[in-house]
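Here is the file data-v4.cif (mmCIF, C-alpha atoms and all ligand atoms).
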```
data_start
#
loop_
_atom_site.label_atom_id
_atom_site.label_comp_id
_atom_site.auth_asym_id
_atom_site.auth_seq_id
_atom_site.Cartn_x
_atom_site.Cartn_y
_atom_site.Cartn_z
CA MET A 1 -16.52 39.31 209.36
CA LEU A 2 -16.31 40.22 205.66
CA LYS A 3 -18.96 41.89 203.56
CA VAL A 4 -18.82 42.32 199.81
CA VAL A 5 -20.68 45.48 198.90
CA LYS A 6 -21.89 46.38 195.42
CA PHE A 7 -23.08 49.84 194.43
CA GLY A 8 -25.30 50.41 191.39
CA GLY A 9 -25.03 53.26 188.89
CA SER A 10 -27.72 55.40 190.49
CA SER A 11 -25.62 55.44 193.70
CA LEU A 12 -22.63 56.66 191.69
CA ALA A 13 -24.13 59.27 189.39
CA GLU A 14 -22.12 62.25 190.72
CA ALA A 15 -19.41 63.24 193.20
CA SER A 16 -21.74 63.69 196.18
CA ARG A 17 -22.99 60.13 195.71
CA TYR A 18 -19.43 58.72 195.62
CA GLU A 19 -18.92 60.58 198.89
CA ASN A 20 -22.06 59.00 200.30
CA VAL A 21 -20.80 55.57 199.21
CA LYS A 22 -17.48 56.26 200.93
CA ASN A 23 -19.31 57.07 204.16
CA ILE A 24 -21.30 53.86 203.89
CA VAL A 25 -18.23 51.71 203.24
CA LEU A 26 -16.15 53.28 206.00
CA ALA A 27 -19.01 53.09 208.52
CA ASP A 28 -18.50 49.33 208.78
CA ASP A 29 -15.02 47.77 209.03
CA SER A 30 -16.22 44.56 207.49
CA ARG A 31 -17.08 46.26 204.18
CA ARG A 32 -13.72 45.48 202.63
CA ALA A 33 -14.53 44.38 199.09
CA VAL A 34 -16.40 46.88 196.94
CA VAL A 35 -17.85 46.35 193.46
CA VAL A 36 -19.03 49.34 191.44
CA SER A 37 -21.15 50.00 188.37
CA ALA A 38 -20.57 52.85 185.95
CA PRO A 39 -22.13 56.22 186.88
CA GLY A 40 -25.88 56.24 186.25
CA LYS A 41 -28.37 59.05 185.68
CA ARG A 42 -28.16 62.16 187.87
CA ASN A 43 -31.81 62.91 187.12
CA SER A 44 -34.53 61.49 184.90
CA ALA A 45 -33.42 63.56 181.89
CA ASP A 46 -29.80 62.42 182.20
CA ASN A 47 -28.01 59.48 180.52
CA LYS A 48 -26.23 56.48 181.99
CA ILE A 49 -22.53 56.37 181.17
CA THR A 50 -22.91 52.81 179.86
CA ASP A 51 -25.54 53.97 177.35
CA LEU A 52 -23.30 56.84 176.24
CA LEU A 53 -20.44 54.41 175.73
CA TYR A 54 -22.60 52.16 173.55
CA LEU A 55 -23.61 55.26 171.59
CA CYS A 56 -20.00 56.36 171.27
CA HIS A 57 -19.07 52.99 169.85
CA ALA A 58 -21.93 53.16 167.34
CA HIS A 59 -20.43 56.49 166.13
CA VAL A 60 -17.03 54.88 165.70
CA GLN A 61 -18.57 51.88 163.94
CA TYR A 62 -20.46 54.00 161.39
CA GLY A 63 -17.64 56.49 160.88
CA VAL A 64 -19.50 59.40 162.54
CA ASP A 65 -17.39 61.82 164.58
CA TYR A 66 -17.33 60.36 168.10
CA ARG A 67 -15.33 63.10 169.83
CA ASN A 68 -18.24 65.12 171.22
CA ILE A 69 -19.72 62.13 172.89
CA LEU A 70 -16.39 60.88 174.25
CA ASP A 71 -15.78 64.39 175.61
CA LEU A 72 -19.18 64.35 177.27
CA ILE A 73 -18.30 61.06 178.97
CA LYS A 74 -14.89 62.41 179.97
CA SER A 75 -16.47 65.52 181.48
CA ARG A 76 -18.74 63.37 183.68
CA TYR A 77 -15.69 61.61 185.15
CA GLU A 78 -13.75 64.86 185.49
CA GLU A 79 -16.64 66.40 187.38
CA ILE A 80 -16.78 63.41 189.73
CA ALA A 81 -13.02 63.28 190.31
CA ASP A 82 -12.78 67.08 190.79
CA GLY A 83 -15.72 67.07 193.18
CA LEU A 84 -13.96 64.44 195.29
CA ASN A 85 -10.46 65.81 194.89
CA ALA A 86 -9.56 62.29 193.91
CA ASN A 87 -6.18 61.30 192.56
CA PHE A 88 -7.43 60.48 189.06
CA ASP A 89 -5.91 61.63 185.77
CA ALA A 90 -8.86 61.88 183.37
CA GLU A 91 -6.64 63.28 180.58
CA ALA A 92 -4.32 60.28 180.66
CA GLU A 93 -7.14 57.72 181.05
CA PHE A 94 -9.11 59.12 178.10
CA ALA A 95 -6.03 59.53 175.92
CA ALA A 96 -5.33 55.83 176.48
CA ILE A 97 -8.94 54.91 175.65
CA GLU A 98 -8.91 57.01 172.48
CA GLU A 99 -5.66 55.50 171.35
CA LYS A 100 -7.10 52.00 171.71
CA LEU A 101 -10.25 53.12 169.95
CA VAL A 102 -8.47 54.44 166.86
CA ASN A 103 -6.49 51.23 166.80
CA GLY A 104 -9.67 49.18 166.50
CA ALA A 105 -10.66 48.44 170.12
CA ASP A 106 -14.03 46.72 170.12
CA LYS A 107 -17.35 47.63 171.72
CA GLU A 108 -16.80 45.37 174.71
CA PHE A 109 -13.59 47.14 175.63
CA LEU A 110 -15.01 50.65 175.21
CA VAL A 111 -18.20 49.96 177.19
CA SER A 112 -16.25 48.25 179.99
CA ARG A 113 -14.43 51.54 180.61
CA GLY A 114 -17.56 52.82 182.36
CA GLU A 115 -17.05 50.44 185.28
CA TYR A 116 -13.26 50.50 185.00
CA LEU A 117 -12.97 54.27 185.50
CA SER A 118 -15.66 54.27 188.18
CA ALA A 119 -13.66 51.68 190.15
CA ARG A 120 -10.40 53.58 189.63
CA ILE A 121 -11.95 56.72 191.13
CA MET A 122 -13.61 54.81 193.96
CA ALA A 123 -10.37 52.98 194.84
CA ALA A 124 -8.47 56.29 194.95
CA HIS A 125 -11.21 57.93 197.00
CA LEU A 126 -11.42 55.11 199.54
CA GLY A 127 -7.69 54.40 199.65
CA PHE A 128 -8.43 50.74 198.71
CA ASP A 129 -6.54 48.64 196.15
CA PHE A 130 -7.91 48.43 192.62
CA VAL A 131 -8.40 44.86 191.37
CA ASP A 132 -9.46 44.65 187.72
CA SER A 133 -12.22 42.28 186.62
CA TYR A 134 -10.23 41.60 183.49
CA GLY A 135 -7.88 38.82 184.53
CA HIS A 136 -9.98 37.88 187.57
CA VAL A 137 -13.47 37.15 186.20
CA PHE A 138 -13.29 34.33 183.64
CA PHE A 139 -15.92 33.25 181.13
CA ASN A 140 -16.22 29.95 179.29
CA TYR A 141 -16.65 30.14 175.51
CA ASP A 142 -20.45 30.04 175.91
CA LYS A 143 -20.19 33.14 178.16
CA SER A 144 -21.11 31.17 181.30
CA ILE A 145 -18.82 31.93 184.23
CA ASN A 146 -15.82 29.71 184.89
CA ARG A 147 -16.40 29.83 188.61
CA GLU A 148 -13.41 27.75 189.65
CA LYS A 149 -10.94 29.97 187.83
CA THR A 150 -12.71 33.17 188.88
CA TYR A 151 -12.84 32.22 192.56
CA ALA A 152 -9.19 31.20 192.61
CA ALA A 153 -8.14 34.46 190.92
CA PHE A 154 -10.21 36.70 193.21
CA LYS A 155 -9.04 34.82 196.30
CA GLU A 156 -5.41 35.21 195.36
CA ALA A 157 -5.80 38.90 194.50
CA PHE A 158 -7.53 39.60 197.82
CA GLU A 159 -4.89 37.75 199.79
CA LYS A 160 -2.13 39.70 198.06
CA SER A 161 -3.92 43.04 198.58
CA SER A 162 -4.07 45.31 201.60
CA GLY A 163 -7.29 43.48 202.46
CA LYS A 164 -9.41 46.30 201.06
CA ILE A 165 -10.27 46.24 197.37
CA VAL A 166 -12.44 47.89 194.74
CA VAL A 167 -13.45 45.85 191.69
CA PRO A 168 -15.27 47.08 188.55
CA GLY A 169 -18.43 45.11 187.73
CA PHE A 170 -19.89 43.94 184.43
CA TYR A 171 -16.94 42.45 182.51
CA GLY A 172 -14.36 39.71 182.45
CA THR A 173 -12.02 37.63 180.34
CA MET A 174 -12.84 35.14 177.56
CA PRO A 175 -10.78 31.94 177.24
CA ASP A 176 -8.94 33.51 174.28
CA GLY A 177 -7.87 36.45 176.43
CA SER A 178 -10.28 39.01 174.98
CA LEU A 179 -12.38 41.22 177.23
CA ALA A 180 -16.12 40.52 177.27
CA LEU A 181 -19.13 42.16 178.88
CA MET A 182 -21.84 40.48 180.90
CA SER A 183 -25.48 41.26 180.10
CA ARG A 184 -26.88 44.61 181.27
CA GLY A 185 -26.98 44.97 185.04
CA GLY A 186 -24.13 42.45 185.26
CA SER A 187 -22.26 44.18 188.10
CA ASP A 188 -24.65 42.31 190.42
CA ILE A 189 -23.08 39.10 189.11
CA THR A 190 -19.53 40.37 189.71
CA GLY A 191 -20.51 41.19 193.31
CA SER A 192 -22.00 37.77 193.81
CA LEU A 193 -18.92 36.04 192.36
CA LEU A 194 -16.62 38.07 194.56
CA ALA A 195 -18.71 37.26 197.65
CA ALA A 196 -18.60 33.55 196.85
CA ALA A 197 -14.86 33.66 196.02
CA LEU A 198 -13.98 35.32 199.33
CA ASN A 199 -16.53 33.26 201.27
CA ALA A 200 -18.01 36.51 202.57
CA ASP A 201 -20.43 36.57 205.47
CA LYS A 202 -22.81 38.79 203.53
CA TYR A 203 -23.31 40.27 200.08
CA GLU A 204 -24.77 43.77 200.36
CA ASN A 205 -26.28 45.04 197.14
CA TRP A 206 -26.78 48.81 197.47
CA THR A 207 -29.28 50.58 195.29
CA ASP A 208 -31.63 53.57 195.35
CA VAL A 209 -34.77 51.86 196.65
CA PRO A 210 -35.53 50.79 200.21
CA GLY A 211 -35.24 47.10 199.33
CA ILE A 212 -37.31 44.73 197.24
CA LEU A 213 -40.77 46.20 197.24
CA MET A 214 -43.94 44.23 197.88
CA ALA A 215 -45.40 45.49 194.60
CA ASP A 216 -44.44 47.60 191.61
CA PRO A 217 -44.37 51.27 192.75
CA ALA A 218 -45.75 52.24 189.32
CA LEU A 219 -48.95 50.41 190.29
CA VAL A 220 -49.13 50.80 194.07
CA GLU A 221 -48.32 53.97 195.96
CA ASN A 222 -45.34 53.61 198.28
CA PRO A 223 -45.35 49.84 198.61
CA TYR A 224 -43.67 48.41 201.71
CA PRO A 225 -40.21 46.92 201.31
CA ILE A 226 -40.10 43.16 201.92
CA PRO A 227 -38.08 42.49 205.11
CA ASN A 228 -37.21 38.83 204.38
CA ILE A 229 -37.52 36.84 201.19
CA SER A 230 -36.38 33.32 200.35
CA TYR A 231 -34.45 32.54 197.17
CA ASP A 232 -37.41 30.50 195.91
CA GLU A 233 -39.80 33.40 196.43
CA LEU A 234 -37.37 35.78 194.76
CA ARG A 235 -37.22 33.54 191.73
CA GLU A 236 -41.00 33.51 191.45
CA LEU A 237 -41.27 37.29 191.77
CA THR A 238 -38.43 37.92 189.34
CA TYR A 239 -39.90 35.52 186.82
CA MET A 240 -43.19 37.38 187.03
CA GLY A 241 -41.54 40.69 186.27
CA ALA A 242 -40.27 42.17 189.55
CA LYS A 243 -36.99 43.93 188.84
CA VAL A 244 -34.52 43.29 191.62
CA LEU A 245 -31.15 41.64 191.18
CA HIS A 246 -29.75 40.37 187.90
CA GLU A 247 -31.11 36.82 187.68
CA ALA A 248 -27.70 35.27 187.14
CA SER A 249 -26.36 36.90 190.29
CA VAL A 250 -28.36 34.65 192.60
CA SER A 251 -26.71 31.27 192.12
CA PRO A 252 -23.08 32.01 193.15
CA VAL A 253 -24.13 33.35 196.57
CA ARG A 254 -26.98 30.91 196.97
CA ASP A 255 -24.71 27.94 196.26
CA ALA A 256 -22.18 29.31 198.75
CA GLY A 257 -24.87 29.86 201.41
CA ILE A 258 -24.19 33.59 201.61
CA PRO A 259 -27.16 35.81 202.49
CA VAL A 260 -27.82 38.88 200.36
CA VAL A 261 -29.15 42.19 201.63
CA ILE A 262 -30.62 44.83 199.35
CA LYS A 263 -29.84 48.21 200.90
CA ASP A 264 -30.76 51.81 200.13
CA THR A 265 -27.89 54.31 199.74
CA GLY A 266 -30.41 57.08 200.49
CA ASN A 267 -31.22 55.52 203.88
CA PRO A 268 -28.28 53.35 204.96
CA GLU A 269 -29.66 52.64 208.42
CA ALA A 270 -32.87 51.09 207.11
CA PRO A 271 -32.80 47.28 207.24
CA GLY A 272 -33.52 46.75 203.53
CA THR A 273 -34.44 43.28 202.30
CA LEU A 274 -32.68 40.11 203.44
CA ILE A 275 -32.58 37.25 200.92
CA ALA A 276 -31.72 33.83 202.31
CA GLU A 277 -32.54 30.16 201.87
CA LYS A 278 -34.91 30.10 204.83
CA PHE A 279 -35.79 32.02 207.97
CA GLU A 280 -36.64 31.16 211.54
CA GLU A 281 -40.24 32.28 211.69
CA SER A 282 -42.43 32.51 214.74
CA GLU A 283 -46.21 32.32 214.70
CA SER A 284 -46.39 36.08 215.27
CA ASP A 285 -44.14 36.70 212.25
CA ARG A 286 -46.49 34.56 210.27
CA ASP A 287 -49.38 36.72 211.35
CA LYS A 288 -47.81 39.99 210.21
CA PHE A 289 -48.02 39.64 206.44
CA TYR A 290 -48.81 36.40 204.86
CA ILE A 291 -47.99 37.56 201.36
CA THR A 292 -44.32 38.29 200.63
CA GLY A 293 -44.87 40.12 197.37
CA ILE A 294 -47.08 40.61 194.35
CA ALA A 295 -45.80 40.76 190.79
CA GLY A 296 -47.28 40.33 187.38
CA ARG A 297 -47.17 40.96 183.70
CA LYS A 298 -49.59 41.88 180.96
CA GLY A 299 -49.76 40.46 177.46
CA PHE A 300 -50.56 36.75 177.67
CA SER A 301 -52.76 34.60 175.47
CA VAL A 302 -54.75 31.58 176.62
CA VAL A 303 -55.00 28.82 174.09
CA ASP A 304 -57.88 26.36 174.72
CA VAL A 305 -57.81 23.04 172.96
CA HIS A 306 -60.87 20.78 172.92
CA TYR A 307 -60.33 17.02 172.74
CA GLU A 308 -62.96 14.63 173.94
CA ASP A 309 -61.87 12.29 176.71
CA LEU A 310 -58.37 13.77 176.87
CA ALA A 311 -57.97 12.28 180.33
CA HIS A 312 -57.75 8.81 178.74
CA ASN A 313 -55.69 9.91 175.72
CA LEU A 314 -52.50 11.40 177.11
CA GLU A 315 -50.83 10.71 173.77
CA VAL A 316 -52.71 13.81 172.52
CA LEU A 317 -51.03 15.97 175.12
CA ARG A 318 -47.62 14.63 174.15
CA GLN A 319 -48.26 15.43 170.50
CA ALA A 320 -49.53 18.91 171.36
CA LEU A 321 -46.47 19.67 173.49
CA LYS A 322 -44.26 18.48 170.64
CA ILE A 323 -45.90 21.03 168.33
CA LEU A 324 -45.32 23.78 170.89
CA GLU A 325 -41.74 22.66 171.41
CA ASN A 326 -41.12 22.79 167.66
CA HIS A 327 -42.26 26.42 167.74
CA ASN A 328 -39.94 27.16 170.68
CA LEU A 329 -42.75 28.45 172.87
CA VAL A 330 -42.41 29.31 176.54
CA ILE A 331 -45.47 28.00 178.36
CA ASP A 332 -46.45 29.80 181.52
CA GLN A 333 -49.35 27.67 182.65
CA LEU A 334 -50.76 24.39 181.46
CA SER A 335 -53.92 22.79 182.77
CA THR A 336 -55.80 19.75 181.65
CA GLY A 337 -59.41 18.68 182.02
CA VAL A 338 -61.66 15.79 180.99
CA ASP A 339 -62.25 17.06 177.47
CA GLY A 340 -59.29 19.27 176.70
CA PHE A 341 -56.46 21.38 177.98
CA ASN A 342 -55.33 24.97 177.87
CA PHE A 343 -52.04 26.76 178.13
CA LEU A 344 -50.89 30.30 178.60
CA VAL A 345 -48.17 31.90 176.52
CA PRO A 346 -46.78 35.43 176.19
CA THR A 347 -48.72 36.92 173.25
CA ASP A 348 -45.58 38.40 171.69
CA SER A 349 -43.87 35.03 171.57
CA VAL A 350 -46.81 33.27 169.91
CA LYS A 351 -47.93 36.02 167.52
CA SER A 352 -45.87 35.01 164.52
CA HIS A 353 -46.55 31.28 165.02
CA ILE A 354 -50.24 31.28 165.85
CA TYR A 355 -51.67 30.47 162.40
CA ALA A 356 -49.18 27.66 161.91
CA ILE A 357 -50.01 26.29 165.36
CA ILE A 358 -53.76 26.45 164.71
CA ALA A 359 -53.28 24.61 161.40
CA GLU A 360 -51.11 21.91 162.98
CA PHE A 361 -53.50 21.42 165.91
CA GLU A 362 -56.55 21.24 163.61
CA GLU A 363 -54.83 18.72 161.40
CA LYS A 364 -54.05 16.48 164.37
CA PHE A 365 -57.01 17.01 166.69
CA GLY A 366 -59.86 18.13 164.44
CA LYS A 367 -61.24 21.33 162.90
CA GLY A 368 -62.30 24.02 165.36
CA CYS A 369 -60.51 22.37 168.30
CA ILE A 370 -58.58 25.49 169.24
CA THR A 371 -59.64 28.90 170.64
CA VAL A 372 -57.24 31.73 171.42
CA THR A 373 -58.01 34.49 173.95
CA ASP A 374 -55.61 37.48 174.05
CA ASN A 375 -55.23 40.38 176.52
CA ILE A 376 -54.66 38.33 179.64
CA ALA A 377 -52.49 39.62 182.50
CA LEU A 378 -51.02 37.37 185.17
CA VAL A 379 -50.79 38.40 188.81
CA ALA A 380 -48.76 36.27 191.21
CA CYS A 381 -49.12 36.45 194.97
CA VAL A 382 -45.96 34.87 196.35
CA SER A 383 -45.42 33.68 199.89
CA ARG A 384 -43.51 30.99 201.74
CA LEU A 385 -46.02 31.39 204.56
CA MET A 386 -49.02 30.32 202.54
CA ALA A 387 -48.47 26.58 202.70
CA CYS A 388 -51.19 24.77 204.63
CA ARG A 389 -52.69 28.04 205.74
CA PRO A 390 -56.39 28.05 204.98
CA GLY A 391 -58.21 31.13 203.80
CA ILE A 392 -55.60 32.92 201.70
CA SER A 393 -56.95 31.99 198.29
CA GLY A 394 -60.44 32.56 199.69
CA SER A 395 -59.67 36.13 200.66
CA LEU A 396 -57.79 36.71 197.40
CA PHE A 397 -60.75 35.63 195.29
CA SER A 398 -63.32 37.47 197.39
CA ALA A 399 -61.27 40.71 197.28
CA LEU A 400 -61.15 40.52 193.48
CA GLY A 401 -64.83 39.58 193.29
CA LYS A 402 -65.90 42.46 195.52
CA ASN A 403 -64.04 44.80 193.19
CA ASP A 404 -65.71 43.45 190.07
CA ILE A 405 -62.58 41.82 188.71
CA SER A 406 -63.27 38.65 186.84
CA ILE A 407 -60.69 35.87 187.19
CA ARG A 408 -59.91 34.22 183.86
CA THR A 409 -57.31 31.63 184.89
CA ILE A 410 -56.11 30.16 188.19
CA SER A 411 -52.98 28.24 189.10
CA GLN A 412 -51.43 27.05 192.34
CA GLY A 413 -48.95 24.26 192.90
CA ALA A 414 -49.03 21.95 195.90
CA SER A 415 -45.93 23.65 197.29
CA GLU A 416 -48.23 26.66 197.72
CA LEU A 417 -45.43 29.12 197.09
CA ASN A 418 -47.64 31.22 194.90
CA ILE A 419 -51.13 31.69 193.56
CA ILE A 420 -51.19 32.99 190.01
CA ILE A 421 -54.39 34.35 188.58
CA GLY A 422 -55.12 35.61 185.09
CA VAL A 423 -57.29 38.70 184.64
CA SER A 424 -57.93 40.85 181.60
CA ASN A 425 -55.15 43.33 180.75
CA ASP A 426 -57.56 46.18 181.56
CA ASP A 427 -58.04 44.89 185.12
CA TYR A 428 -54.32 44.34 185.76
CA LYS A 429 -53.47 47.51 187.66
CA LYS A 430 -56.63 47.38 189.73
CA ALA A 431 -56.08 43.69 190.56
CA VAL A 432 -52.56 44.39 191.89
CA GLN A 433 -53.83 47.34 193.94
CA VAL A 434 -56.77 45.39 195.37
CA LEU A 435 -54.58 42.43 196.35
CA TYR A 436 -51.89 44.65 197.84
CA ASP A 437 -54.49 46.44 199.95
CA ARG A 438 -56.12 43.21 200.93
CA PHE A 439 -52.92 41.63 202.18
CA THR A 440 -51.28 44.64 203.78
CA LYS A 441 -54.19 46.55 205.24
CA ARG A 442 -56.33 43.50 205.84
CA GLY A 443 -59.08 45.53 204.14
N1 LIG B 1 -23.34 49.61 183.78
C1 LIG B 1 -23.93 48.40 183.31
C2 LIG B 1 -25.37 48.64 182.90
O1 LIG B 1 -25.80 49.78 182.84
C3 LIG B 1 -23.79 47.28 184.29
C4 LIG B 1 -24.37 47.51 185.66
O2 LIG B 1 -24.69 48.64 186.01
O3 LIG B 1 -24.50 46.57 186.41
O4 LIG B 1 -26.06 47.71 182.60
#
```
Starting from the file, give its structure as structure tokens.
Ligand code: ASP
Amino acid sequence: MLKVVKFGGSSLAEASRYENVKNIVLADDSRRAVVVSAPGKRNSADNKITDLLYLCHAHVQYGVDYRNILDLIKSRYEEIADGLNANFDAEAEFAAIEEKLVNGADKEFLVSRGEYLSARIMAAHLGFDFVDSYGHVFFNYDKSINREKTYAAFKEAFEKSSGKIVVPGFYGTMPDGSLALMSRGGSDITGSLLAAALNADKYENWTDVPGILMADPALVENPYPIPNISYDELRELTYMGAKVLHEASVSPVRDAGIPVVIKDTGNPEAPGTLIAEKFEESESDRDKFYITGIAGRKGFSVVDVHYEDLAHNLEVLRQALKILENHNLVIDQLSTGVDGFNFLVPTDSVKSHIYAIIAEFEEKFGKGCITVTDNIALVACVSRLMACRPGISGSLFSALGKNDISIRTISQGASELNIIIGVSNDDYKKAVQVLYDRFTKRG
């Protein structure tokens, strides 16, 4: 049994949290490949090391004295290493970084040191081997991952190691040999790649929440963690704004058939959230909660286009979509009717194009054909258990109706993985709360 375990920055913000991570790793013999982020915030007023490193580089770039900020970063690592009594020479590490910096090291290199040093300390503290991401994670020129090369390199490094390794997340190697960063939160991707490379039995992603929550805790008080979620459901929730794993971290483990568990470093015994392709579900499981999660976003616009007898003139739809494509719009919902169609777009993305779009539509389909309604929020209720189960949309609509929330748009595909409703931005918070209560308390 082999588990790849990844720890996020909030689980590594100070020495006591490294100690906690050590206890978690050593509590299970199968946790033999560890990926770490850079230290995060110790409290809400604190700064993430990665952000400080970006700031430090901006100082270097604009010729402002960077030493104070580099010293601040160094002191965070010294504090961690001292607190752990770890075999880590901060003086030497930072002297080497500074030397590279004055010799023109780029932003990617400097920022990657956050994860690099974190992994060095963790490897020393655990007594595991350090395996660098540089030289083991490989990008293509378009920054996509060269999986074949990455998997081969990780596999070989693991086989040559003591069988227990620590790897820094978030960066890798470009085809020209330079070091490059992933996008923010990228250590999740490193963990997923390592799990796929080593054909792990599980990828544990450790964070500071009890799992993926059924709703945004900023909107709902103490939402339940989701026990099981399918990859398809996760994609829907993530797309609608739920912040969980880095989006690009899903496909390596999903393709390799490796389940992912989101675990809480503050409560290691709690089951967390299991993400897998599908689950064996009994009728009684189905009766527990029939909604997996609720997510949403504010700030959409609905564009209504009137065209008589559209149903028999599909050419019009093709032309309209061409206009939208030319403006590079992302369309979130599209529905057609006898005499027209409407689509939903993020207001921000359409703002600077809207007058041009109106003009182009009017020219093609007639004056006054288009109406735009702003301030729409989307709320998605996602569940794999909804399919062919009567009554769910009924109770959703009646709960909103009873609470005086008017539904502006409705969408549900035949796969019945989610029901997405549009409400006014002002009703967004209340709509999420009402639906959460309805589906968890059966109120
Ligand atoms: N430290 C990086 C960030 O703050 C990467 C990560 O934590 O995954 O985005």
8 Å from ligand LIG 1 (chain B) is the threshold here; counting only C-alpha atoms and all ligand atoms, which polymer residues fall inside it? Answer as a tab-separated table (two decimals) with C-alpha atoms, in the frame of the given file.
```tsv
chain	number	residue	atom	x	y	z
A	8	GLY	CA	-25.30	50.41	191.39
A	9	GLY	CA	-25.03	53.26	188.89
A	36	VAL	CA	-19.03	49.34	191.44
A	37	SER	CA	-21.15	50.00	188.37
A	38	ALA	CA	-20.57	52.85	185.95
A	39	PRO	CA	-22.13	56.22	186.88
A	40	GLY	CA	-25.88	56.24	186.25
A	48	LYS	CA	-26.23	56.48	181.99
A	49	ILE	CA	-22.53	56.37	181.17
A	50	THR	CA	-22.91	52.81	179.86
A	51	ASP	CA	-25.54	53.97	177.35
A	114	GLY	CA	-17.56	52.82	182.36
A	115	GLU	CA	-17.05	50.44	185.28
A	169	GLY	CA	-18.43	45.11	187.73
A	170	PHE	CA	-19.89	43.94	184.43
A	182	MET	CA	-21.84	40.48	180.90
A	183	SER	CA	-25.48	41.26	180.10
A	184	ARG	CA	-26.88	44.61	181.27
A	185	GLY	CA	-26.98	44.97	185.04
A	186	GLY	CA	-24.13	42.45	185.26
A	187	SER	CA	-22.26	44.18	188.10
A	188	ASP	CA	-24.65	42.31	190.42
```
One-decimal distance in Å that lies between atom CA of A:Val166 and atom CA of A:Ala96:
21.1 Å
What lies within 9 Å of stretch 313-320 of chain A using only C-alpha atoms, ignoring chain neighbours under 2 positions off, as a ChimeraX atom specification?
/A:307-311,322-325,336,341,361,364-365
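Atom CA of A:Asp71 to atom CA of A:Leu55 spans 12.7 Å [interatomic distance, one decimal].
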Could you please determine the separation between atom CA of A:Ile419 and atom CA of A:Asp255 in Å, to one decimal place?
26.8 Å
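For the residues A:Val4, A:Ile357, A:Ala124, A:Ala45, ranking by smallest atom-to-atom distance to A:Ala196 using only C-alpha atoms places A:Val4 first.
For the choices A:Asn425, A:Gln333, A:Thr440, A:Ser10, the atom-to-atom distance to A:Val345 is smallest for A:Gln333 when using all atoms listed in the file.
With only C-alpha atoms as the atoms that count, the residue of A:Ala399, A:Leu2, A:Ala119, A:Leu378 with the shortest distance to A:Ala197 is A:Leu2.
In this comparison, which uses all atoms listed in the file, the residue of A:Tyr224, A:Ala152, A:Leu52, A:Glu362 approaching A:Ile69 most closely is A:Leu52.
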A:Ile407: which residues within 9 Å, counting only C-alpha atoms, same-chain residues fewer than 2 positions away excluded, as a list in words?
Phe397, Leu400, Gly401, Ile405, Thr409, Ile410, Ile421, Gly422, Val423 and Ser424 of chain A
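Proximity ranking of A:Ala15, A:Val34, A:Ala270, A:Val21 relative to A:Ser192 places A:Val34 first, based on all atoms listed in the file.
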Expected residue set, 12 Å radius at (-55.9, 25.1, 164.4), only C-alpha atoms, as a compact mmCIF listing (two decimals) with C-alpha atoms, in the coordinates of the input:
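part.txt written:
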```txt
# COMPACT_ATOMS: atom_id res chain seq x y z
CA VAL A 303 -55.00 28.82 174.09
CA ASP A 304 -57.88 26.36 174.72
CA VAL A 305 -57.81 23.04 172.96
CA HIS A 306 -60.87 20.78 172.92
CA ALA A 320 -49.53 18.91 171.36
CA ILE A 323 -45.90 21.03 168.33
CA HIS A 353 -46.55 31.28 165.02
CA ILE A 354 -50.24 31.28 165.85
CA TYR A 355 -51.67 30.47 162.40
CA ALA A 356 -49.18 27.66 161.91
CA ILE A 357 -50.01 26.29 165.36
CA ILE A 358 -53.76 26.45 164.71
CA ALA A 359 -53.28 24.61 161.40
CA GLU A 360 -51.11 21.91 162.98
CA PHE A 361 -53.50 21.42 165.91
CA GLU A 362 -56.55 21.24 163.61
CA GLU A 363 -54.83 18.72 161.40
CA LYS A 364 -54.05 16.48 164.37
CA PHE A 365 -57.01 17.01 166.69
CA GLY A 366 -59.86 18.13 164.44
CA LYS A 367 -61.24 21.33 162.90
CA GLY A 368 -62.30 24.02 165.36
CA CYS A 369 -60.51 22.37 168.30
CA ILE A 370 -58.58 25.49 169.24
CA THR A 371 -59.64 28.90 170.64
CA VAL A 372 -57.24 31.73 171.42
```
Mind checking which residues fall within 12 Å of A:Tyr428, counting only C-alpha atoms, ignoring those fewer than 2 positions away in the same chain, and posting them as JSON, numbers by chain?
{"A": [216, 219, 220, 294, 295, 296, 297, 298, 299, 300, 375, 376, 377, 378, 379, 380, 400, 405, 406, 407, 408, 421, 422, 423, 424, 425, 426, 430, 431, 432, 433, 434, 435]}
